[in-house]
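Here is the file work_13.cif (mmCIF, C-alpha atoms).
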```cif
data_start
loop_
_atom_site.label_atom_id
_atom_site.label_comp_id
_atom_site.auth_asym_id
_atom_site.auth_seq_id
_atom_site.Cartn_x
_atom_site.Cartn_y
_atom_site.Cartn_z
CA MET A 1 26.65 42.91 -12.75
CA ASN A 2 24.27 44.54 -10.27
CA PHE A 3 22.66 42.82 -7.29
CA TRP A 4 19.26 42.14 -8.96
CA LYS A 5 20.78 40.58 -12.05
CA ALA A 6 22.92 38.34 -9.90
CA LEU A 7 19.88 37.28 -7.91
CA LEU A 8 17.91 36.47 -11.06
CA LEU A 9 20.82 34.50 -12.48
CA ALA A 10 21.17 32.52 -9.26
CA GLY A 11 17.43 31.84 -9.32
CA GLY A 12 17.66 30.75 -12.93
CA ILE A 13 20.49 28.33 -12.23
CA PHE A 14 18.64 27.02 -9.20
CA SER A 15 15.40 26.49 -11.05
CA THR A 16 16.88 24.66 -14.01
CA ALA A 17 19.28 22.23 -12.40
CA SER A 18 19.77 20.30 -9.20
CA VAL A 19 22.89 22.01 -8.00
CA PHE A 20 23.31 19.79 -5.00
CA ALA A 21 25.68 16.86 -5.24
CA GLU A 22 23.32 14.63 -3.27
CA LYS A 23 21.41 12.13 -5.41
CA PRO A 24 17.66 12.57 -5.03
CA LEU A 25 15.56 9.78 -3.53
CA ASP A 26 13.78 8.94 -6.77
CA LEU A 27 10.33 7.56 -6.03
CA SER A 28 9.14 8.31 -9.56
CA ARG A 29 10.89 5.21 -10.92
CA MET A 30 9.30 2.83 -8.39
CA SER A 31 6.11 0.83 -8.82
CA SER A 32 2.99 2.24 -7.15
CA THR A 33 3.09 -0.49 -4.51
CA MET A 34 6.68 0.33 -3.56
CA VAL A 35 6.08 4.08 -3.64
CA PHE A 36 3.24 3.85 -1.17
CA ALA A 37 5.17 1.55 1.13
CA LYS A 38 8.20 3.88 1.01
CA LEU A 39 6.02 6.91 1.69
CA TYR A 40 4.49 5.09 4.66
CA GLU A 41 8.01 4.50 6.00
CA ILE A 42 8.87 8.16 5.46
CA GLY A 43 5.67 9.14 7.24
CA THR A 44 6.55 7.02 10.30
CA SER A 45 10.19 8.21 10.45
CA PRO A 46 10.11 11.72 8.93
CA GLU A 47 13.14 12.99 10.86
CA GLU A 48 15.41 10.60 8.96
CA TYR A 49 14.41 12.14 5.64
CA LYS A 50 14.23 15.81 6.58
CA GLY A 51 16.19 17.96 4.14
CA LYS A 52 16.71 15.15 1.63
CA ILE A 53 15.95 15.78 -2.02
CA MET A 54 13.02 13.72 -3.22
CA ARG A 55 11.57 13.12 -6.63
CA VAL A 56 7.94 12.03 -6.60
CA GLU A 57 5.30 11.42 -9.24
CA GLY A 58 1.68 12.22 -8.49
CA VAL A 59 -1.40 14.18 -9.42
CA TYR A 60 -1.17 17.91 -8.83
CA GLN A 61 -4.11 19.64 -7.18
CA VAL A 62 -4.82 22.95 -5.54
CA ALA A 63 -6.94 22.87 -2.42
CA LYS A 64 -8.43 25.90 -0.71
CA ASP A 65 -8.45 25.94 3.07
CA GLU A 66 -11.93 26.96 4.22
CA VAL A 67 -10.59 28.35 7.50
CA ASP A 68 -7.84 30.69 6.32
CA GLY A 69 -8.82 30.94 2.64
CA LYS A 70 -5.30 30.07 1.50
CA ASN A 71 -4.60 27.90 -1.53
CA TYR A 72 -2.47 24.85 -0.84
CA HIS A 73 -0.61 23.08 -3.59
CA VAL A 74 -0.83 19.32 -3.19
CA LEU A 75 0.69 16.30 -4.88
CA LEU A 76 -1.48 13.16 -4.49
CA ILE A 77 0.04 9.69 -4.68
CA SER A 78 -2.28 6.64 -4.60
CA ASP A 79 -1.45 3.02 -3.85
CA ALA A 80 -1.93 0.12 -6.27
CA ALA A 81 -5.60 -0.43 -5.41
CA ALA A 82 -6.23 3.35 -5.41
CA CYS A 83 -7.98 3.01 -2.09
CA CYS A 84 -5.40 4.88 -0.06
CA SER A 85 -3.50 8.01 -0.98
CA PHE A 86 -0.60 9.99 0.36
CA SER A 87 -0.26 13.72 -0.17
CA PHE A 88 2.56 16.22 -0.09
CA GLU A 89 2.10 19.93 0.36
CA VAL A 90 4.20 21.46 -2.40
CA GLN A 91 6.02 24.74 -1.86
CA TRP A 92 7.19 25.83 -5.27
CA LEU A 93 10.34 27.68 -6.19
CA PRO A 94 9.61 31.41 -6.70
CA ASN A 95 9.54 31.47 -10.50
CA GLU A 96 8.40 27.92 -11.10
CA LYS A 97 5.82 27.47 -13.85
CA LEU A 98 2.93 25.65 -12.18
CA PRO A 99 1.49 22.55 -13.85
CA ARG A 100 -2.13 22.22 -14.88
CA LYS A 101 -4.49 21.17 -12.06
CA GLY A 102 -5.26 17.47 -12.19
CA SER A 103 -2.20 16.66 -14.33
CA ARG A 104 0.24 13.90 -13.53
CA VAL A 105 3.67 15.37 -12.84
CA ILE A 106 7.06 14.50 -11.43
CA VAL A 107 8.15 16.98 -8.78
CA GLU A 108 11.54 17.30 -7.09
CA GLY A 109 12.09 19.14 -3.85
CA PHE A 110 13.45 19.03 -0.31
CA PHE A 111 11.48 16.91 2.10
CA GLY A 112 10.18 18.67 5.15
CA PHE A 113 7.21 18.40 7.46
CA ILE A 114 5.16 20.21 10.04
CA TYR A 115 3.36 18.65 12.96
CA ASP A 116 -0.41 18.49 12.87
CA ASP A 117 -1.11 16.46 15.97
CA PRO A 118 -1.22 13.47 15.93
CA ALA A 119 0.00 13.26 12.34
CA ILE A 120 2.48 15.21 10.25
CA ILE A 121 1.98 17.19 7.07
CA PRO A 122 4.74 16.16 4.66
CA GLN A 123 6.06 18.89 2.39
CA LEU A 124 8.19 19.22 -0.70
CA ARG A 125 9.97 22.55 -0.31
CA MET A 126 11.69 24.59 -2.99
CA ALA A 127 10.03 22.25 -5.45
CA ARG A 128 10.28 22.21 -9.20
CA VAL A 129 8.58 20.27 -11.95
CA VAL A 130 10.88 17.67 -13.51
CA ARG A 131 8.36 16.34 -16.04
CA MET B 1 14.82 -8.97 -17.77
CA PRO B 2 18.20 -7.71 -16.47
CA ASP B 3 16.46 -4.37 -15.70
CA LEU B 4 13.78 -6.17 -13.70
CA LEU B 5 16.42 -8.10 -11.80
CA GLU B 6 18.34 -4.92 -11.07
CA THR B 7 15.16 -3.20 -9.90
CA PHE B 8 14.27 -6.15 -7.67
CA VAL B 9 17.74 -6.21 -6.13
CA SER B 10 17.48 -2.47 -5.42
CA TYR B 11 14.10 -2.99 -3.77
CA LEU B 12 15.52 -5.75 -1.57
CA GLN B 13 17.75 -3.20 0.12
CA TYR B 14 14.74 -1.67 1.83
CA GLY B 15 14.02 -3.00 5.30
CA PHE B 16 10.26 -3.01 4.80
CA VAL B 17 10.66 -5.28 1.73
CA GLN B 18 12.87 -7.71 3.66
CA ARG B 19 10.35 -7.78 6.52
CA ALA B 20 7.50 -8.35 4.06
CA PHE B 21 9.22 -11.42 2.61
CA ILE B 22 10.12 -12.85 6.01
CA VAL B 23 6.68 -12.37 7.54
CA GLY B 24 4.86 -13.29 4.34
CA VAL B 25 6.62 -16.63 4.03
CA LEU B 26 6.25 -17.45 7.73
CA ILE B 27 2.55 -16.57 7.84
CA SER B 28 1.84 -18.51 4.66
CA LEU B 29 3.68 -21.53 6.12
CA CYS B 30 1.45 -21.42 9.20
CA ALA B 31 -1.68 -20.83 7.13
CA SER B 32 -0.92 -23.82 4.92
CA LEU B 33 -0.39 -26.08 7.96
CA LEU B 34 -3.70 -24.92 9.37
CA GLY B 35 -5.25 -25.35 5.96
CA VAL B 36 -4.38 -29.03 5.99
CA MET B 37 -6.26 -29.41 9.29
CA LEU B 38 -9.26 -27.38 8.21
CA VAL B 39 -9.70 -28.65 4.65
CA PHE B 40 -9.58 -32.31 5.70
CA ARG B 41 -12.13 -31.63 8.45
CA ARG B 42 -14.44 -29.82 6.01
CA PHE B 43 -13.95 -26.53 7.84
CA SER B 44 -12.51 -24.68 4.83
CA TYR B 45 -14.68 -21.62 5.32
CA LEU B 46 -13.73 -21.21 8.96
CA GLY B 47 -10.74 -19.06 8.04
CA ASP B 48 -12.91 -16.63 6.14
CA SER B 49 -15.40 -16.46 8.98
CA LEU B 50 -12.73 -15.81 11.58
CA SER B 51 -11.13 -13.10 9.48
CA HIS B 52 -14.49 -11.33 9.33
CA VAL B 53 -14.78 -11.68 13.11
CA ALA B 54 -11.30 -10.14 13.41
CA PHE B 55 -12.43 -7.26 11.21
CA GLY B 56 -15.44 -6.71 13.46
CA ALA B 57 -13.22 -6.86 16.55
CA MET B 58 -10.86 -4.33 14.97
CA ALA B 59 -13.81 -1.99 14.47
CA ILE B 60 -14.75 -2.36 18.13
CA ALA B 61 -11.16 -1.62 19.16
CA ALA B 62 -11.13 1.48 16.95
CA ALA B 63 -14.48 2.65 18.35
CA LEU B 64 -13.21 2.19 21.91
CA ASN B 65 -9.94 4.01 21.04
CA PHE B 66 -7.65 1.14 21.92
CA SER B 67 -4.04 2.00 21.14
CA ASP B 68 -3.33 -1.57 20.00
CA GLU B 69 -6.17 -3.27 18.15
CA LEU B 70 -4.64 -6.71 18.73
CA LEU B 71 -5.75 -6.49 22.37
CA VAL B 72 -9.36 -6.86 21.19
CA MET B 73 -8.88 -8.72 17.90
CA LEU B 74 -7.03 -11.72 19.30
CA PRO B 75 -9.29 -12.60 22.27
CA VAL B 76 -12.53 -12.07 20.31
CA THR B 77 -11.30 -14.14 17.36
CA VAL B 78 -10.06 -16.89 19.68
CA LEU B 79 -13.42 -17.04 21.47
CA CYS B 80 -15.28 -17.36 18.18
CA ALA B 81 -12.85 -19.98 16.93
CA VAL B 82 -13.32 -22.04 20.09
CA PHE B 83 -17.10 -21.70 19.82
CA LEU B 84 -17.18 -22.73 16.15
CA LEU B 85 -14.74 -25.62 16.44
CA ARG B 86 -16.13 -27.07 19.62
CA SER B 87 -19.85 -26.76 18.86
CA GLY B 88 -20.79 -30.31 17.98
CA ASN B 89 -24.02 -32.19 17.33
CA GLY B 90 -25.72 -30.57 20.28
CA ALA B 91 -25.27 -27.05 18.89
CA PHE B 92 -28.34 -24.82 18.59
CA ILE B 93 -27.31 -23.82 15.09
CA LYS B 94 -25.40 -26.39 13.05
CA GLY B 95 -21.82 -25.98 11.69
CA ASP B 96 -21.98 -24.18 8.33
CA ALA B 97 -24.96 -22.00 9.31
CA SER B 98 -23.27 -20.77 12.46
CA ILE B 99 -20.07 -20.02 10.50
CA ALA B 100 -22.05 -18.05 7.91
CA MET B 101 -24.04 -16.08 10.49
CA ILE B 102 -20.98 -15.11 12.51
CA SER B 103 -19.07 -14.28 9.34
CA VAL B 104 -21.51 -11.87 7.70
CA GLY B 105 -22.70 -10.49 11.02
CA SER B 106 -19.17 -9.53 12.05
CA LEU B 107 -18.38 -7.96 8.70
CA ALA B 108 -21.56 -5.89 8.64
CA MET B 109 -21.34 -4.79 12.28
CA GLY B 110 -17.67 -4.00 11.90
CA TYR B 111 -18.27 -1.72 8.93
CA LEU B 112 -21.24 -0.10 10.70
CA LEU B 113 -19.16 0.60 13.82
CA MET B 114 -16.34 2.06 11.76
CA ASN B 115 -18.75 4.39 9.99
CA LEU B 116 -20.34 5.50 13.24
CA PHE B 117 -17.27 5.90 15.42
CA SER B 118 -14.17 6.21 13.28
CA LYS B 119 -12.28 9.50 13.52
CA LYS B 120 -9.98 8.79 10.59
CA ALA B 121 -10.09 10.96 7.49
CA ASN B 122 -9.91 8.19 4.91
CA LEU B 123 -12.30 5.56 6.26
CA SER B 124 -12.95 3.93 2.88
CA GLY B 125 -9.25 3.60 2.26
CA ASP B 126 -8.62 2.03 5.65
CA VAL B 127 -11.50 -0.43 5.17
CA CYS B 128 -10.36 -1.30 1.65
CA SER B 129 -6.80 -1.81 2.79
CA THR B 130 -7.93 -4.03 5.71
CA LEU B 131 -10.24 -6.10 3.51
CA PHE B 132 -7.89 -6.59 0.57
CA GLY B 133 -4.40 -6.14 2.03
CA SER B 134 -3.13 -3.74 -0.61
CA THR B 135 0.21 -2.75 0.95
CA SER B 136 -0.24 -3.74 4.59
CA ILE B 137 2.50 -6.37 4.42
CA LEU B 138 4.96 -3.69 3.30
CA THR B 139 4.28 -1.49 6.33
CA LEU B 140 5.43 -3.82 9.09
CA SER B 141 7.68 -2.71 11.90
CA SER B 142 10.55 -4.76 13.34
CA PHE B 143 8.34 -5.55 16.34
CA ASP B 144 5.62 -6.93 14.04
CA THR B 145 8.25 -9.11 12.37
CA VAL B 146 9.50 -10.53 15.66
CA LEU B 147 5.92 -11.19 16.80
CA CYS B 148 5.04 -13.01 13.58
CA ALA B 149 8.26 -14.98 13.62
CA THR B 150 7.60 -16.11 17.21
CA LEU B 151 4.04 -17.13 16.39
CA SER B 152 5.17 -19.01 13.29
CA VAL B 153 7.82 -20.94 15.19
CA LEU B 154 5.23 -21.92 17.82
CA VAL B 155 2.74 -23.08 15.17
CA ILE B 156 5.37 -25.11 13.32
CA LEU B 157 6.60 -26.69 16.57
CA PHE B 158 2.99 -27.50 17.53
CA PHE B 159 2.48 -29.23 14.20
CA VAL B 160 5.77 -31.13 14.42
CA PHE B 161 5.33 -32.33 18.03
CA PHE B 162 1.64 -33.17 17.77
CA TYR B 163 1.69 -34.51 14.20
CA HIS B 164 0.26 -37.93 15.11
CA GLN B 165 -2.47 -36.48 17.34
CA ILE B 166 -3.40 -34.01 14.57
CA PHE B 167 -3.57 -36.87 12.08
CA ALA B 168 -5.78 -38.92 14.42
CA VAL B 169 -8.18 -36.09 15.25
CA ILE B 170 -8.53 -35.05 11.61
CA PHE B 171 -9.38 -38.48 10.23
CA ASP B 172 -11.11 -40.21 13.11
CA GLU B 173 -12.02 -38.11 16.12
CA THR B 174 -13.78 -41.02 17.86
CA PHE B 175 -10.73 -43.25 17.50
CA ALA B 176 -8.50 -40.42 18.71
CA LYS B 177 -10.69 -40.02 21.80
CA ALA B 178 -10.60 -43.75 22.43
CA SER B 179 -6.79 -43.72 22.10
CA GLY B 180 -6.53 -41.21 24.89
CA VAL B 181 -6.17 -37.99 22.92
CA ARG B 182 -7.93 -35.18 24.78
CA VAL B 183 -9.88 -34.09 21.73
CA GLY B 184 -11.70 -31.26 23.49
CA ASN B 185 -8.49 -29.63 24.72
CA PHE B 186 -6.81 -30.33 21.41
CA ASN B 187 -9.60 -28.54 19.53
CA THR B 188 -9.28 -25.58 21.89
CA ILE B 189 -5.55 -25.29 21.21
CA VAL B 190 -6.15 -25.59 17.47
CA ALA B 191 -8.81 -22.89 17.70
CA ILE B 192 -6.39 -20.52 19.47
CA VAL B 193 -3.67 -21.20 16.91
CA ILE B 194 -6.05 -20.70 13.99
CA ALA B 195 -7.35 -17.43 15.42
CA ALA B 196 -3.83 -16.08 15.96
CA VAL B 197 -2.67 -17.04 12.46
CA ILE B 198 -5.81 -15.55 10.88
CA VAL B 199 -5.32 -12.22 12.66
CA PHE B 200 -1.71 -12.00 11.46
CA ALA B 201 -2.54 -13.31 7.98
CA MET B 202 -4.95 -10.41 7.54
CA ARG B 203 -1.86 -8.15 7.32
CA LEU B 204 -0.67 -10.22 4.36
CA VAL B 205 -3.70 -10.62 2.13
CA GLY B 206 -6.49 -8.74 3.88
CA SER B 207 -9.59 -9.99 5.61
CA LEU B 208 -11.52 -11.12 2.54
CA LEU B 209 -8.69 -13.10 0.97
CA VAL B 210 -7.36 -14.99 4.00
CA SER B 211 -9.23 -18.14 3.00
CA ALA B 212 -7.13 -18.37 -0.12
CA LEU B 213 -3.95 -18.71 1.95
CA ILE B 214 -5.57 -21.52 3.92
CA ILE B 215 -7.41 -23.45 1.21
CA PHE B 216 -5.48 -23.18 -2.03
CA PRO B 217 -2.12 -24.73 -1.01
CA THR B 218 -3.83 -27.78 0.53
CA VAL B 219 -6.21 -28.33 -2.37
CA SER B 220 -3.38 -27.88 -4.89
CA ALA B 221 -1.23 -30.36 -2.97
CA MET B 222 -4.10 -32.86 -2.93
CA ARG B 223 -4.07 -32.81 -6.74
CA VAL B 224 -0.50 -34.14 -6.69
CA PHE B 225 -0.07 -36.21 -3.53
CA LYS B 226 -2.30 -38.79 -1.87
CA SER B 227 -0.62 -39.23 1.50
CA PHE B 228 -1.24 -36.89 4.43
CA ARG B 229 2.50 -36.24 4.86
CA GLY B 230 2.95 -35.57 1.16
CA VAL B 231 0.01 -33.17 1.06
CA THR B 232 1.24 -31.34 4.16
CA LEU B 233 4.82 -30.89 2.96
CA PHE B 234 3.83 -29.93 -0.57
CA ALA B 235 1.20 -27.49 0.71
CA VAL B 236 3.83 -25.76 2.82
CA LEU B 237 6.21 -25.48 -0.14
CA LEU B 238 3.49 -24.23 -2.48
CA SER B 239 2.32 -21.66 0.03
CA ALA B 240 5.80 -20.23 0.55
CA PHE B 241 6.44 -20.20 -3.19
CA CYS B 242 3.15 -18.47 -4.08
CA THR B 243 3.60 -15.84 -1.36
CA THR B 244 7.15 -15.07 -2.46
CA LEU B 245 6.14 -14.95 -6.11
CA GLY B 246 3.11 -12.79 -5.30
CA ILE B 247 5.15 -10.25 -3.37
CA VAL B 248 7.81 -10.10 -6.11
CA ILE B 249 5.23 -9.49 -8.84
CA ALA B 250 3.35 -6.96 -6.72
CA ILE B 251 6.39 -4.80 -5.96
CA LEU B 252 7.69 -4.96 -9.53
CA ALA B 253 4.40 -4.52 -11.37
CA GLY B 254 2.69 -2.23 -8.83
CA THR B 255 -0.26 -4.53 -8.16
CA PRO B 256 -2.03 -5.02 -4.80
CA VAL B 257 -0.03 -7.56 -2.79
CA GLY B 258 -2.94 -9.60 -1.39
CA SER B 259 -4.68 -10.14 -4.72
CA THR B 260 -1.41 -10.98 -6.46
CA ILE B 261 -0.58 -13.66 -3.91
CA VAL B 262 -4.04 -15.17 -4.36
CA GLY B 263 -3.59 -14.96 -8.13
CA ALA B 264 -0.34 -16.91 -7.83
CA ASN B 265 -2.16 -19.53 -5.74
CA ILE B 266 -4.87 -19.85 -8.40
CA VAL B 267 -2.32 -20.35 -11.18
CA VAL B 268 -0.48 -22.99 -9.16
CA PHE B 269 -3.78 -24.76 -8.43
CA LEU B 270 -4.58 -24.86 -12.14
CA LEU B 271 -1.11 -26.23 -12.92
CA CYS B 272 -1.51 -28.93 -10.28
CA SER B 273 -4.92 -29.82 -11.70
CA VAL B 274 -3.42 -30.14 -15.18
CA PHE B 275 -0.64 -32.29 -13.72
CA ARG B 276 -3.24 -34.60 -12.18
CA ARG B 277 -5.10 -34.95 -15.47
CA VAL B 278 -1.94 -35.63 -17.43
CA LYS B 279 -0.77 -38.17 -14.82
#
```
What is this file in structure tokens?
Amino acid sequence: MNFWKALLLAGGIFSTASVFAEKPLDLSRMSSTMVFAKLYEIGTSPEEYKGKIMRVEGVYQVAKDEVDGKNYHVLLISDAAACCSFSFEVQWLPNEKLPRKGSRVIVEGFFGFIYDDPAIIPQLRMARVVR
Amino acid sequence: MPDLLETFVSYLQYGFVQRAFIVGVLISLCASLLGVMLVFRRFSYLGDSLSHVAFGAMAIAAALNFSDELLVMLPVTVLCAVFLLRSGNGAFIKGDASIAMISVGSLAMGYLLMNLFSKKANLSGDVCSTLFGSTSILTLSSFDTVLCATLSVLVILFFVFFYHQIFAVIFDETFAKASGVRVGNFNTIVAIVIAAVIVFAMRLVGSLLVSALIIFPTVSAMRVFKSFRGVTLFAVLLSAFCTTLGIVIAILAGTPVGSTIVGANIVVFLLCSVFRRVK
């Protein structure tokens, strides 16, 4: 098997199954009230969750940054009263089939964040669509 | 049902859920005790008015970039509470009118200030969350919990140690004065306690729904019991029960916590009313 076939196979395995033994933090099974509260906790203590696999349900959107012109993939999660929302920047796996904009999806990925003083921008890295 | 129970037990493992239950029950206990004092003195709407004042004070704190909004909210709310409770027959504007004016004025000015000076991205969301207490109770820190617990203990001790004075002032202020109770000072202390409980209760049910925590348990208890002691004890039990039930339903069903707690209070009130009719 040559190098490129091996790489594709590894990517295929990676994109179709969670190969890590660690159980994902599954927020998709929680009520909207609990999800928002948990996300608030994650937002206030992001270091504790860095690198953990998370599974989150939300509405997928693509937002264009007016400054740099880049498209950012975002997962929006609203609370029970729909008056507050939490968003993840989603960084998809290389060959991942992207969902339709505005659709409700469950996404699994590694939690990460970048600082955007004074807040943080939470991210789901190496993300894939679960449902 | 077993699935629901399993889900609830799994939720209980989270610290923020445990803190929500602890603070929720303690705040509702305090609110119900205050409710007994306010409802019997025909000051039921005072809680609502003070919560609007607290909202306005929070807007001022945000506009002035205070790191901790409590530094403005508590003193302003206390001052208004003292003014409203101590303004007697000689007041320029009589009781209910002054409550109404302060209430709507604070709410309107608070929202105006937030629109003019707020730097937050989701202003509507913040205002909605503050007014209706969607998930605020589930976002408490350990420090918030300790603060609420301390306040609650102080309020309960105040009610226990000054029970007879409270009873006298509520039902016959003139007699209480004649018996040597310093009614003026007593009203000031009550005002401070009410203001503090209102400010913390806003985290539980939001600014617009605080009155429910104060009024409903007392009125429900009055459907069942006739004595002051009976009403007080039953109001405390009802309040704790409705808050616990409201939080449980909210986290399982994904409903806003504040509204669900008020909903539980309404149902209990209706049941108590039915009980009174049947009796």
Taking the file above as input, evaluate the PyMOL selection byres ((chain B) within 10 of (chain A)) and report the hits as an mmCIF file with C-alpha atoms, in the frame of the given file.
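For reference, result_30.cif as written:
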```cif
data_model
loop_
_atom_site.group_PDB
_atom_site.id
_atom_site.type_symbol
_atom_site.label_atom_id
_atom_site.label_comp_id
_atom_site.auth_asym_id
_atom_site.auth_seq_id
_atom_site.Cartn_x
_atom_site.Cartn_y
_atom_site.Cartn_z
ATOM 1 C CA THR B 7 15.160 -3.200 -9.900
ATOM 2 C CA TYR B 11 14.100 -2.990 -3.770
ATOM 3 C CA TYR B 14 14.740 -1.670 1.830
ATOM 4 C CA GLY B 15 14.020 -3.000 5.300
ATOM 5 C CA PHE B 16 10.260 -3.010 4.800
ATOM 6 C CA VAL B 17 10.660 -5.280 1.730
ATOM 7 C CA ASN B 122 -9.910 8.190 4.910
ATOM 8 C CA LEU B 123 -12.300 5.560 6.260
ATOM 9 C CA SER B 124 -12.950 3.930 2.880
ATOM 10 C CA GLY B 125 -9.250 3.600 2.260
ATOM 11 C CA ASP B 126 -8.620 2.030 5.650
ATOM 12 C CA VAL B 127 -11.500 -0.430 5.170
ATOM 13 C CA CYS B 128 -10.360 -1.300 1.650
ATOM 14 C CA SER B 129 -6.800 -1.810 2.790
ATOM 15 C CA PHE B 132 -7.890 -6.590 0.570
ATOM 16 C CA GLY B 133 -4.400 -6.140 2.030
ATOM 17 C CA SER B 134 -3.130 -3.740 -0.610
ATOM 18 C CA THR B 135 0.210 -2.750 0.950
ATOM 19 C CA SER B 136 -0.240 -3.740 4.590
ATOM 20 C CA ILE B 137 2.500 -6.370 4.420
ATOM 21 C CA LEU B 138 4.960 -3.690 3.300
ATOM 22 C CA THR B 139 4.280 -1.490 6.330
ATOM 23 C CA LEU B 140 5.430 -3.820 9.090
ATOM 24 C CA SER B 141 7.680 -2.710 11.900
ATOM 25 C CA ALA B 250 3.350 -6.960 -6.720
ATOM 26 C CA ILE B 251 6.390 -4.800 -5.960
ATOM 27 C CA LEU B 252 7.690 -4.960 -9.530
ATOM 28 C CA ALA B 253 4.400 -4.520 -11.370
ATOM 29 C CA GLY B 254 2.690 -2.230 -8.830
ATOM 30 C CA THR B 255 -0.260 -4.530 -8.160
ATOM 31 C CA PRO B 256 -2.030 -5.020 -4.800
ATOM 32 C CA VAL B 257 -0.030 -7.560 -2.790
ATOM 33 C CA SER B 259 -4.680 -10.140 -4.720
#
```
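Taking CA of Leu70 in chain B as the reference point, CA of Ala54 in chain B is found at 9.2 Å.
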Between CA of Leu34 in chain B and CA of Ile214 in chain B, distance in Å (one decimal): 6.7 Å
Hits from the PyMOL selection byres ((chain A and resi 90) around 12), listed as a PyMOL selection string: chain A and resi 54-56+58-63+71-76+87-89+91-93+96+98-99+106-113+121-129
Å distance separating CA of Ala57 in chain B from CA of Ala264 in chain B, one decimal place: 29.3 Å
